[in-house]
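*Asks:* Contents of coords_20.txt (compact mmCIF, N, CA and C atoms) are below:
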# COMPACT_ATOMS: atom_id res chain seq x y z
N MET A 9 -52.01 -13.27 10.90
CA MET A 9 -51.84 -13.29 12.33
C MET A 9 -52.86 -14.22 12.98
N SER A 10 -54.07 -14.21 12.47
CA SER A 10 -55.11 -15.09 13.03
C SER A 10 -54.75 -16.55 12.85
N PHE A 11 -54.17 -16.88 11.69
CA PHE A 11 -53.75 -18.26 11.45
C PHE A 11 -52.67 -18.65 12.46
N TYR A 12 -51.74 -17.76 12.70
CA TYR A 12 -50.67 -18.03 13.67
C TYR A 12 -51.27 -18.25 15.06
N LEU A 13 -52.26 -17.43 15.43
CA LEU A 13 -52.91 -17.59 16.73
C LEU A 13 -53.55 -18.97 16.84
N SER A 14 -54.14 -19.45 15.77
CA SER A 14 -54.77 -20.77 15.80
C SER A 14 -53.74 -21.89 15.82
N ALA A 15 -52.70 -21.74 15.03
CA ALA A 15 -51.69 -22.80 14.91
C ALA A 15 -50.84 -22.92 16.16
N GLU A 16 -50.52 -21.83 16.77
CA GLU A 16 -49.64 -21.83 17.95
C GLU A 16 -50.39 -21.35 19.19
N LYS A 17 -51.58 -21.90 19.40
CA LYS A 17 -52.45 -21.38 20.47
C LYS A 17 -51.84 -21.53 21.85
N ASN A 18 -51.17 -22.64 22.15
CA ASN A 18 -50.59 -22.81 23.48
C ASN A 18 -49.45 -21.84 23.73
N LEU A 19 -48.62 -21.62 22.72
CA LEU A 19 -47.52 -20.67 22.85
C LEU A 19 -48.07 -19.26 23.06
N VAL A 20 -49.09 -18.90 22.29
CA VAL A 20 -49.69 -17.58 22.41
C VAL A 20 -50.35 -17.42 23.77
N LYS A 21 -51.11 -18.44 24.21
CA LYS A 21 -51.77 -18.36 25.52
C LYS A 21 -50.75 -18.19 26.64
N ASN A 22 -49.69 -18.98 26.63
CA ASN A 22 -48.67 -18.89 27.68
C ASN A 22 -47.96 -17.55 27.65
N SER A 23 -47.68 -17.04 26.46
CA SER A 23 -47.01 -15.74 26.34
C SER A 23 -47.90 -14.62 26.85
N LEU A 24 -49.18 -14.67 26.49
CA LEU A 24 -50.09 -13.62 26.93
C LEU A 24 -50.38 -13.70 28.42
N ARG A 25 -50.35 -14.88 28.98
CA ARG A 25 -50.55 -15.02 30.44
C ARG A 25 -49.44 -14.32 31.21
N LYS A 26 -48.24 -14.31 30.65
CA LYS A 26 -47.12 -13.64 31.32
C LYS A 26 -47.29 -12.12 31.28
N ILE A 27 -47.93 -11.62 30.23
CA ILE A 27 -48.06 -10.18 30.04
C ILE A 27 -49.30 -9.63 30.75
N ILE A 28 -50.40 -10.36 30.70
CA ILE A 28 -51.69 -9.88 31.19
C ILE A 28 -51.87 -10.29 32.65
N HIS A 29 -52.46 -9.40 33.40
CA HIS A 29 -52.69 -9.62 34.83
C HIS A 29 -53.59 -10.85 35.04
N GLU A 30 -53.38 -11.54 36.16
CA GLU A 30 -54.09 -12.79 36.46
C GLU A 30 -55.61 -12.63 36.49
N ASP A 31 -56.09 -11.46 36.84
CA ASP A 31 -57.54 -11.23 36.90
C ASP A 31 -58.21 -11.37 35.54
N HIS A 32 -57.45 -11.20 34.48
CA HIS A 32 -58.01 -11.22 33.12
C HIS A 32 -57.74 -12.52 32.37
N HIS A 33 -57.14 -13.51 33.02
CA HIS A 33 -56.79 -14.76 32.34
C HIS A 33 -58.01 -15.51 31.80
N ILE A 34 -59.09 -15.56 32.58
CA ILE A 34 -60.29 -16.27 32.13
C ILE A 34 -60.88 -15.61 30.89
N GLY A 35 -60.94 -14.29 30.89
CA GLY A 35 -61.43 -13.56 29.72
C GLY A 35 -60.53 -13.75 28.51
N LEU A 36 -59.23 -13.78 28.76
CA LEU A 36 -58.26 -14.00 27.69
C LEU A 36 -58.45 -15.36 27.05
N ILE A 37 -58.62 -16.39 27.88
CA ILE A 37 -58.82 -17.74 27.35
C ILE A 37 -60.11 -17.82 26.55
N LYS A 38 -61.17 -17.16 27.00
CA LYS A 38 -62.44 -17.15 26.25
C LYS A 38 -62.26 -16.49 24.89
N ILE A 39 -61.55 -15.37 24.86
CA ILE A 39 -61.33 -14.66 23.60
C ILE A 39 -60.50 -15.51 22.64
N LEU A 40 -59.43 -16.12 23.13
CA LEU A 40 -58.59 -16.95 22.27
C LEU A 40 -59.34 -18.18 21.77
N ASP A 41 -60.19 -18.76 22.61
CA ASP A 41 -61.00 -19.90 22.16
C ASP A 41 -61.99 -19.48 21.09
N GLU A 42 -62.55 -18.28 21.24
CA GLU A 42 -63.49 -17.77 20.23
C GLU A 42 -62.78 -17.51 18.90
N ILE A 43 -61.57 -16.97 18.98
CA ILE A 43 -60.78 -16.76 17.75
C ILE A 43 -60.50 -18.10 17.07
N GLU A 44 -60.14 -19.10 17.86
CA GLU A 44 -59.85 -20.43 17.31
C GLU A 44 -61.09 -21.03 16.64
N THR A 45 -62.24 -20.89 17.28
CA THR A 45 -63.49 -21.41 16.70
C THR A 45 -63.82 -20.71 15.39
N LYS A 46 -63.70 -19.40 15.38
CA LYS A 46 -64.03 -18.65 14.16
C LYS A 46 -63.04 -18.93 13.03
N MET A 47 -61.77 -19.10 13.36
CA MET A 47 -60.79 -19.44 12.33
C MET A 47 -61.06 -20.84 11.77
N GLY A 48 -61.46 -21.77 12.63
CA GLY A 48 -61.81 -23.10 12.16
C GLY A 48 -63.00 -23.08 11.23
N ARG A 49 -64.00 -22.27 11.56
CA ARG A 49 -65.17 -22.15 10.69
C ARG A 49 -64.81 -21.47 9.38
N TRP A 50 -63.92 -20.47 9.42
CA TRP A 50 -63.49 -19.81 8.20
C TRP A 50 -62.76 -20.81 7.30
N LEU A 51 -61.88 -21.61 7.89
CA LEU A 51 -61.14 -22.59 7.11
C LEU A 51 -62.07 -23.62 6.49
N LEU A 52 -63.05 -24.08 7.25
CA LEU A 52 -64.03 -25.02 6.70
C LEU A 52 -64.80 -24.38 5.55
N GLY A 53 -65.18 -23.13 5.70
CA GLY A 53 -65.86 -22.41 4.62
C GLY A 53 -65.00 -22.28 3.38
N GLN A 54 -63.71 -22.00 3.58
CA GLN A 54 -62.79 -21.90 2.44
C GLN A 54 -62.65 -23.24 1.73
N ILE A 55 -62.60 -24.32 2.48
CA ILE A 55 -62.49 -25.65 1.87
C ILE A 55 -63.74 -25.96 1.06
N ILE A 56 -64.90 -25.71 1.64
CA ILE A 56 -66.16 -25.96 0.92
C ILE A 56 -66.24 -25.09 -0.33
N LEU A 57 -65.88 -23.82 -0.22
CA LEU A 57 -65.90 -22.92 -1.37
C LEU A 57 -64.91 -23.38 -2.43
N SER A 58 -63.73 -23.81 -2.02
CA SER A 58 -62.71 -24.26 -2.95
C SER A 58 -63.15 -25.50 -3.71
N VAL A 59 -63.68 -26.48 -2.99
CA VAL A 59 -64.13 -27.71 -3.64
C VAL A 59 -65.30 -27.45 -4.57
N THR A 60 -66.26 -26.65 -4.12
CA THR A 60 -67.44 -26.35 -4.94
C THR A 60 -67.06 -25.60 -6.21
N SER A 61 -66.26 -24.54 -6.07
CA SER A 61 -65.90 -23.76 -7.25
C SER A 61 -65.02 -24.57 -8.21
N SER A 62 -64.12 -25.39 -7.68
CA SER A 62 -63.28 -26.18 -8.59
C SER A 62 -64.11 -27.24 -9.31
N PHE A 63 -65.11 -27.80 -8.66
CA PHE A 63 -65.99 -28.77 -9.32
C PHE A 63 -66.77 -28.09 -10.45
N ILE A 64 -67.30 -26.90 -10.18
CA ILE A 64 -68.06 -26.18 -11.20
C ILE A 64 -67.15 -25.79 -12.36
N ILE A 65 -65.94 -25.35 -12.05
CA ILE A 65 -64.98 -25.00 -13.10
C ILE A 65 -64.63 -26.23 -13.94
N PHE A 66 -64.38 -27.36 -13.27
CA PHE A 66 -64.08 -28.59 -13.98
C PHE A 66 -65.24 -29.00 -14.89
N LEU A 67 -66.44 -28.94 -14.35
CA LEU A 67 -67.62 -29.31 -15.12
C LEU A 67 -67.78 -28.41 -16.35
N GLY A 68 -67.66 -27.12 -16.15
CA GLY A 68 -67.80 -26.17 -17.26
C GLY A 68 -66.73 -26.35 -18.32
N LEU A 69 -65.50 -26.51 -17.89
CA LEU A 69 -64.41 -26.67 -18.86
C LEU A 69 -64.51 -28.02 -19.58
N SER A 70 -64.98 -29.04 -18.88
CA SER A 70 -65.16 -30.34 -19.53
C SER A 70 -66.24 -30.27 -20.60
N ILE A 71 -67.32 -29.57 -20.30
CA ILE A 71 -68.40 -29.40 -21.28
C ILE A 71 -67.88 -28.65 -22.51
N LEU A 72 -67.02 -27.68 -22.28
CA LEU A 72 -66.46 -26.91 -23.39
C LEU A 72 -65.37 -27.68 -24.14
N GLY A 73 -64.92 -28.79 -23.58
CA GLY A 73 -63.92 -29.61 -24.26
C GLY A 73 -62.49 -29.16 -24.05
N VAL A 74 -62.22 -28.44 -22.99
CA VAL A 74 -60.85 -27.99 -22.70
C VAL A 74 -60.05 -29.20 -22.22
N PRO A 75 -58.91 -29.49 -22.87
CA PRO A 75 -58.16 -30.70 -22.56
C PRO A 75 -57.56 -30.73 -21.15
N SER A 76 -57.20 -29.62 -20.58
CA SER A 76 -56.58 -29.60 -19.26
C SER A 76 -57.56 -29.12 -18.19
N ALA A 77 -58.80 -29.54 -18.29
CA ALA A 77 -59.85 -29.09 -17.38
C ALA A 77 -59.56 -29.49 -15.94
N LEU A 78 -59.08 -30.70 -15.73
CA LEU A 78 -58.81 -31.17 -14.37
C LEU A 78 -57.68 -30.36 -13.74
N PHE A 79 -56.62 -30.13 -14.48
CA PHE A 79 -55.49 -29.34 -13.97
C PHE A 79 -55.94 -27.93 -13.61
N LEU A 80 -56.70 -27.31 -14.48
CA LEU A 80 -57.18 -25.95 -14.22
C LEU A 80 -58.11 -25.90 -13.02
N ALA A 81 -58.93 -26.92 -12.85
CA ALA A 81 -59.83 -26.96 -11.69
C ALA A 81 -59.04 -27.13 -10.40
N ILE A 82 -58.00 -27.96 -10.43
CA ILE A 82 -57.16 -28.13 -9.24
C ILE A 82 -56.42 -26.83 -8.92
N MET A 83 -55.92 -26.16 -9.93
CA MET A 83 -55.25 -24.88 -9.72
C MET A 83 -56.22 -23.85 -9.14
N ALA A 84 -57.46 -23.85 -9.61
CA ALA A 84 -58.47 -22.94 -9.09
C ALA A 84 -58.73 -23.23 -7.62
N ALA A 85 -58.75 -24.51 -7.24
CA ALA A 85 -58.96 -24.88 -5.84
C ALA A 85 -57.81 -24.40 -4.97
N ILE A 86 -56.60 -24.55 -5.45
CA ILE A 86 -55.43 -24.11 -4.68
C ILE A 86 -55.38 -22.60 -4.58
N LEU A 87 -55.62 -21.92 -5.69
CA LEU A 87 -55.57 -20.46 -5.69
C LEU A 87 -56.68 -19.84 -4.85
N ARG A 88 -57.75 -20.56 -4.63
CA ARG A 88 -58.88 -20.05 -3.86
C ARG A 88 -58.46 -19.72 -2.43
N PHE A 89 -57.39 -20.35 -1.94
CA PHE A 89 -56.93 -20.10 -0.58
C PHE A 89 -56.13 -18.81 -0.44
N VAL A 90 -55.67 -18.23 -1.55
CA VAL A 90 -54.94 -16.96 -1.50
C VAL A 90 -55.99 -15.85 -1.39
N PRO A 91 -55.98 -15.09 -0.30
CA PRO A 91 -57.01 -14.07 -0.11
C PRO A 91 -57.04 -13.06 -1.26
N TYR A 92 -58.22 -12.71 -1.68
CA TYR A 92 -58.52 -11.71 -2.71
C TYR A 92 -57.96 -12.08 -4.08
N LEU A 93 -56.66 -12.10 -4.22
CA LEU A 93 -56.03 -12.34 -5.51
C LEU A 93 -56.34 -13.73 -6.05
N GLY A 94 -56.34 -14.74 -5.18
CA GLY A 94 -56.62 -16.10 -5.60
C GLY A 94 -58.01 -16.25 -6.20
N GLY A 95 -58.99 -15.62 -5.59
CA GLY A 95 -60.35 -15.67 -6.11
C GLY A 95 -60.47 -14.97 -7.46
N LEU A 96 -59.78 -13.87 -7.61
CA LEU A 96 -59.81 -13.15 -8.88
C LEU A 96 -59.16 -13.98 -10.00
N ILE A 97 -58.02 -14.58 -9.70
CA ILE A 97 -57.31 -15.36 -10.72
C ILE A 97 -58.07 -16.64 -11.05
N SER A 98 -58.50 -17.37 -10.00
CA SER A 98 -59.12 -18.67 -10.26
C SER A 98 -60.49 -18.57 -10.92
N ASP A 99 -61.23 -17.52 -10.64
CA ASP A 99 -62.55 -17.37 -11.24
C ASP A 99 -62.51 -16.58 -12.54
N GLY A 100 -61.36 -16.00 -12.86
CA GLY A 100 -61.22 -15.29 -14.12
C GLY A 100 -61.89 -13.93 -14.14
N VAL A 101 -62.19 -13.38 -12.98
CA VAL A 101 -62.83 -12.07 -12.91
C VAL A 101 -61.79 -11.01 -13.25
N GLY A 102 -62.14 -10.11 -14.09
CA GLY A 102 -61.25 -9.00 -14.44
C GLY A 102 -60.34 -9.29 -15.61
N PHE A 103 -60.45 -10.46 -16.21
CA PHE A 103 -59.58 -10.77 -17.35
C PHE A 103 -60.36 -10.71 -18.63
Reformat the file's structure so that it appears as structure tokens.
*Replies:*
Amino acid sequence: MSFYLSAEKNLVKNSLRKIIHEDHHIGLIKILDEIETKMGRWLLGQIILSVTSSFIIFLGLSILGVPSALFLAIMAAILRFVPYLGGLISDGVGF
């Protein structure tokens, strides 16, 4: 839902303006802007985490001589974006 709020912010703002009384519009815009800022920071953090972990995975697998190290590192980067399950699968925790 937070991603949708960020992606469709104008649609959400206009829809909520119709529902919420005019006295609260300024507060509503502040809250939606704060959500957008925090979602942007979360996404940046996910990208940094994904790139860092995939580089470390690639480096480790290359040292071990695994032939498909690059493919596995790219898959780990992609899976890192799937909440909870992606991190477990890509980092091999629990296996």
*Asks:* So how many Å separate atom N of A:Ser76 and atom CA of A:Ser61, to one decimal?
*Replies:*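 These two atoms are separated by 17.0 Å.
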*Asks:* Find the spatial neighbours of stretch 53-60 of chain A, counting only C-alpha atoms, within a cut-off of 8 Å - ignore same-chain residues fewer than 3 positions away - and output them as a list in words.
*Replies:*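 The filter keeps Arg49, Trp50, Phe63, Ile64, Ala84, Ala85, Ile86, Arg88 and Phe89 of chain A.
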*Asks:* Which centre and which edge lengths, in Å to one decimal, describe the axis-aligned box that holds all listed atoms of stretch 64-76 of chain A after 5 Å is added on each side, as AutoDock Vina command-line options?
*Replies:*
--center_x -62.5 --center_y -27.9 --center_z -17.2 --size_x 21.8 --size_y 15.7 --size_z 24.1
*Asks:* Just to confirm, what's the straight-line distance from atom C of A:Ile39 to atom CA of A:Leu51 in Å (one decimal)?
*Replies:*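 Straight-line distance from atom C of A:Ile39 to atom CA of A:Leu51 works out to 17.1 Å.
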*Asks:* Could all heavy atoms be built for stretch 47-58 of chain A and written out as a PDB file, in the coordinates of the input?
*Replies:*
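The resulting file, rebuild-v3.pdb, is reproduced below:
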ATOM      1  N   MET A  47     -61.770 -19.100  13.360  1.00  0.00           N
ATOM      2  CA  MET A  47     -60.790 -19.440  12.330  1.00  0.00           C
ATOM      3  C   MET A  47     -61.060 -20.840  11.770  1.00  0.00           C
ATOM      4  O   MET A  47     -60.896 -21.069  10.575  1.00  0.00           O
ATOM      5  CB  MET A  47     -59.367 -19.368  12.893  1.00  0.00           C
ATOM      6  CG  MET A  47     -58.854 -17.961  13.054  1.00  0.00           C
ATOM      7  SD  MET A  47     -58.788 -17.042  11.516  1.00  0.00           S
ATOM      8  CE  MET A  47     -57.654 -18.019  10.577  1.00  0.00           C
ATOM      9  N   GLY A  48     -61.460 -21.770  12.630  1.00  0.00           N
ATOM     10  CA  GLY A  48     -61.810 -23.100  12.160  1.00  0.00           C
ATOM     11  C   GLY A  48     -63.000 -23.080  11.230  1.00  0.00           C
ATOM     12  O   GLY A  48     -63.020 -23.772  10.206  1.00  0.00           O
ATOM     13  N   ARG A  49     -64.000 -22.270  11.560  1.00  0.00           N
ATOM     14  CA  ARG A  49     -65.170 -22.150  10.690  1.00  0.00           C
ATOM     15  C   ARG A  49     -64.810 -21.470   9.380  1.00  0.00           C
ATOM     16  O   ARG A  49     -65.321 -21.827   8.323  1.00  0.00           O
ATOM     17  CB  ARG A  49     -66.276 -21.378  11.406  1.00  0.00           C
ATOM     18  CG  ARG A  49     -66.896 -22.169  12.522  1.00  0.00           C
ATOM     19  CD  ARG A  49     -67.974 -21.408  13.212  1.00  0.00           C
ATOM     20  NE  ARG A  49     -68.526 -22.193  14.311  1.00  0.00           N
ATOM     21  CZ  ARG A  49     -69.267 -21.703  15.260  1.00  0.00           C
ATOM     22  NH1 ARG A  49     -69.576 -20.410  15.268  1.00  0.00           N
ATOM     23  NH2 ARG A  49     -69.729 -22.477  16.222  1.00  0.00           N
ATOM     24  N   TRP A  50     -63.920 -20.470   9.420  1.00  0.00           N
ATOM     25  CA  TRP A  50     -63.490 -19.810   8.200  1.00  0.00           C
ATOM     26  C   TRP A  50     -62.760 -20.810   7.300  1.00  0.00           C
ATOM     27  O   TRP A  50     -62.996 -20.847   6.090  1.00  0.00           O
ATOM     28  CB  TRP A  50     -62.556 -18.643   8.536  1.00  0.00           C
ATOM     29  CG  TRP A  50     -61.939 -18.030   7.326  1.00  0.00           C
ATOM     30  CD1 TRP A  50     -62.493 -17.105   6.489  1.00  0.00           C
ATOM     31  CD2 TRP A  50     -60.645 -18.333   6.785  1.00  0.00           C
ATOM     32  NE1 TRP A  50     -61.610 -16.817   5.467  1.00  0.00           N
ATOM     33  CE2 TRP A  50     -60.484 -17.552   5.629  1.00  0.00           C
ATOM     34  CE3 TRP A  50     -59.618 -19.189   7.184  1.00  0.00           C
ATOM     35  CZ2 TRP A  50     -59.320 -17.600   4.870  1.00  0.00           C
ATOM     36  CZ3 TRP A  50     -58.470 -19.232   6.420  1.00  0.00           C
ATOM     37  CH2 TRP A  50     -58.331 -18.441   5.277  1.00  0.00           C
ATOM     38  N   LEU A  51     -61.880 -21.610   7.890  1.00  0.00           N
ATOM     39  CA  LEU A  51     -61.140 -22.590   7.110  1.00  0.00           C
ATOM     40  C   LEU A  51     -62.070 -23.620   6.490  1.00  0.00           C
ATOM     41  O   LEU A  51     -61.916 -23.969   5.311  1.00  0.00           O
ATOM     42  CB  LEU A  51     -60.082 -23.282   7.970  1.00  0.00           C
ATOM     43  CG  LEU A  51     -59.190 -24.289   7.265  1.00  0.00           C
ATOM     44  CD1 LEU A  51     -58.394 -23.607   6.154  1.00  0.00           C
ATOM     45  CD2 LEU A  51     -58.244 -24.938   8.259  1.00  0.00           C
ATOM     46  N   LEU A  52     -63.050 -24.080   7.250  1.00  0.00           N
ATOM     47  CA  LEU A  52     -64.030 -25.020   6.700  1.00  0.00           C
ATOM     48  C   LEU A  52     -64.800 -24.380   5.550  1.00  0.00           C
ATOM     49  O   LEU A  52     -65.026 -25.010   4.513  1.00  0.00           O
ATOM     50  CB  LEU A  52     -64.996 -25.479   7.802  1.00  0.00           C
ATOM     51  CG  LEU A  52     -66.100 -26.436   7.361  1.00  0.00           C
ATOM     52  CD1 LEU A  52     -65.510 -27.733   6.845  1.00  0.00           C
ATOM     53  CD2 LEU A  52     -67.051 -26.692   8.524  1.00  0.00           C
ATOM     54  N   GLY A  53     -65.180 -23.130   5.700  1.00  0.00           N
ATOM     55  CA  GLY A  53     -65.860 -22.410   4.620  1.00  0.00           C
ATOM     56  C   GLY A  53     -65.000 -22.280   3.380  1.00  0.00           C
ATOM     57  O   GLY A  53     -65.476 -22.447   2.257  1.00  0.00           O
ATOM     58  N   GLN A  54     -63.710 -22.000   3.580  1.00  0.00           N
ATOM     59  CA  GLN A  54     -62.790 -21.900   2.440  1.00  0.00           C
ATOM     60  C   GLN A  54     -62.650 -23.240   1.730  1.00  0.00           C
ATOM     61  O   GLN A  54     -62.586 -23.288   0.501  1.00  0.00           O
ATOM     62  CB  GLN A  54     -61.416 -21.407   2.914  1.00  0.00           C
ATOM     63  CG  GLN A  54     -61.378 -19.953   3.260  1.00  0.00           C
ATOM     64  CD  GLN A  54     -61.681 -19.072   2.073  1.00  0.00           C
ATOM     65  OE1 GLN A  54     -62.744 -18.483   1.991  1.00  0.00           O
ATOM     66  NE2 GLN A  54     -60.770 -18.972   1.146  1.00  0.00           N
ATOM     67  N   ILE A  55     -62.600 -24.320   2.480  1.00  0.00           N
ATOM     68  CA  ILE A  55     -62.490 -25.650   1.870  1.00  0.00           C
ATOM     69  C   ILE A  55     -63.740 -25.960   1.060  1.00  0.00           C
ATOM     70  O   ILE A  55     -63.646 -26.433  -0.077  1.00  0.00           O
ATOM     71  CB  ILE A  55     -62.225 -26.721   2.948  1.00  0.00           C
ATOM     72  CG1 ILE A  55     -60.821 -26.545   3.516  1.00  0.00           C
ATOM     73  CG2 ILE A  55     -62.404 -28.125   2.384  1.00  0.00           C
ATOM     74  CD1 ILE A  55     -60.533 -27.379   4.741  1.00  0.00           C
ATOM     75  N   ILE A  56     -64.900 -25.710   1.640  1.00  0.00           N
ATOM     76  CA  ILE A  56     -66.160 -25.960   0.920  1.00  0.00           C
ATOM     77  C   ILE A  56     -66.240 -25.090  -0.330  1.00  0.00           C
ATOM     78  O   ILE A  56     -66.591 -25.583  -1.415  1.00  0.00           O
ATOM     79  CB  ILE A  56     -67.369 -25.705   1.844  1.00  0.00           C
ATOM     80  CG1 ILE A  56     -67.424 -26.777   2.929  1.00  0.00           C
ATOM     81  CG2 ILE A  56     -68.669 -25.668   1.051  1.00  0.00           C
ATOM     82  CD1 ILE A  56     -68.420 -26.485   4.033  1.00  0.00           C
ATOM     83  N   LEU A  57     -65.880 -23.820  -0.220  1.00  0.00           N
ATOM     84  CA  LEU A  57     -65.900 -22.920  -1.370  1.00  0.00           C
ATOM     85  C   LEU A  57     -64.910 -23.380  -2.430  1.00  0.00           C
ATOM     86  O   LEU A  57     -65.232 -23.390  -3.633  1.00  0.00           O
ATOM     87  CB  LEU A  57     -65.566 -21.505  -0.921  1.00  0.00           C
ATOM     88  CG  LEU A  57     -65.532 -20.432  -1.991  1.00  0.00           C
ATOM     89  CD1 LEU A  57     -66.911 -20.253  -2.604  1.00  0.00           C
ATOM     90  CD2 LEU A  57     -65.043 -19.126  -1.393  1.00  0.00           C
ATOM     91  N   SER A  58     -63.730 -23.810  -2.020  1.00  0.00           N
ATOM     92  CA  SER A  58     -62.710 -24.260  -2.950  1.00  0.00           C
ATOM     93  C   SER A  58     -63.150 -25.500  -3.710  1.00  0.00           C
ATOM     94  O   SER A  58     -63.018 -25.579  -4.937  1.00  0.00           O
ATOM     95  CB  SER A  58     -61.420 -24.541  -2.181  1.00  0.00           C
ATOM     96  OG  SER A  58     -60.431 -25.017  -3.028  1.00  0.00           O
TER      97      SER A  58
END
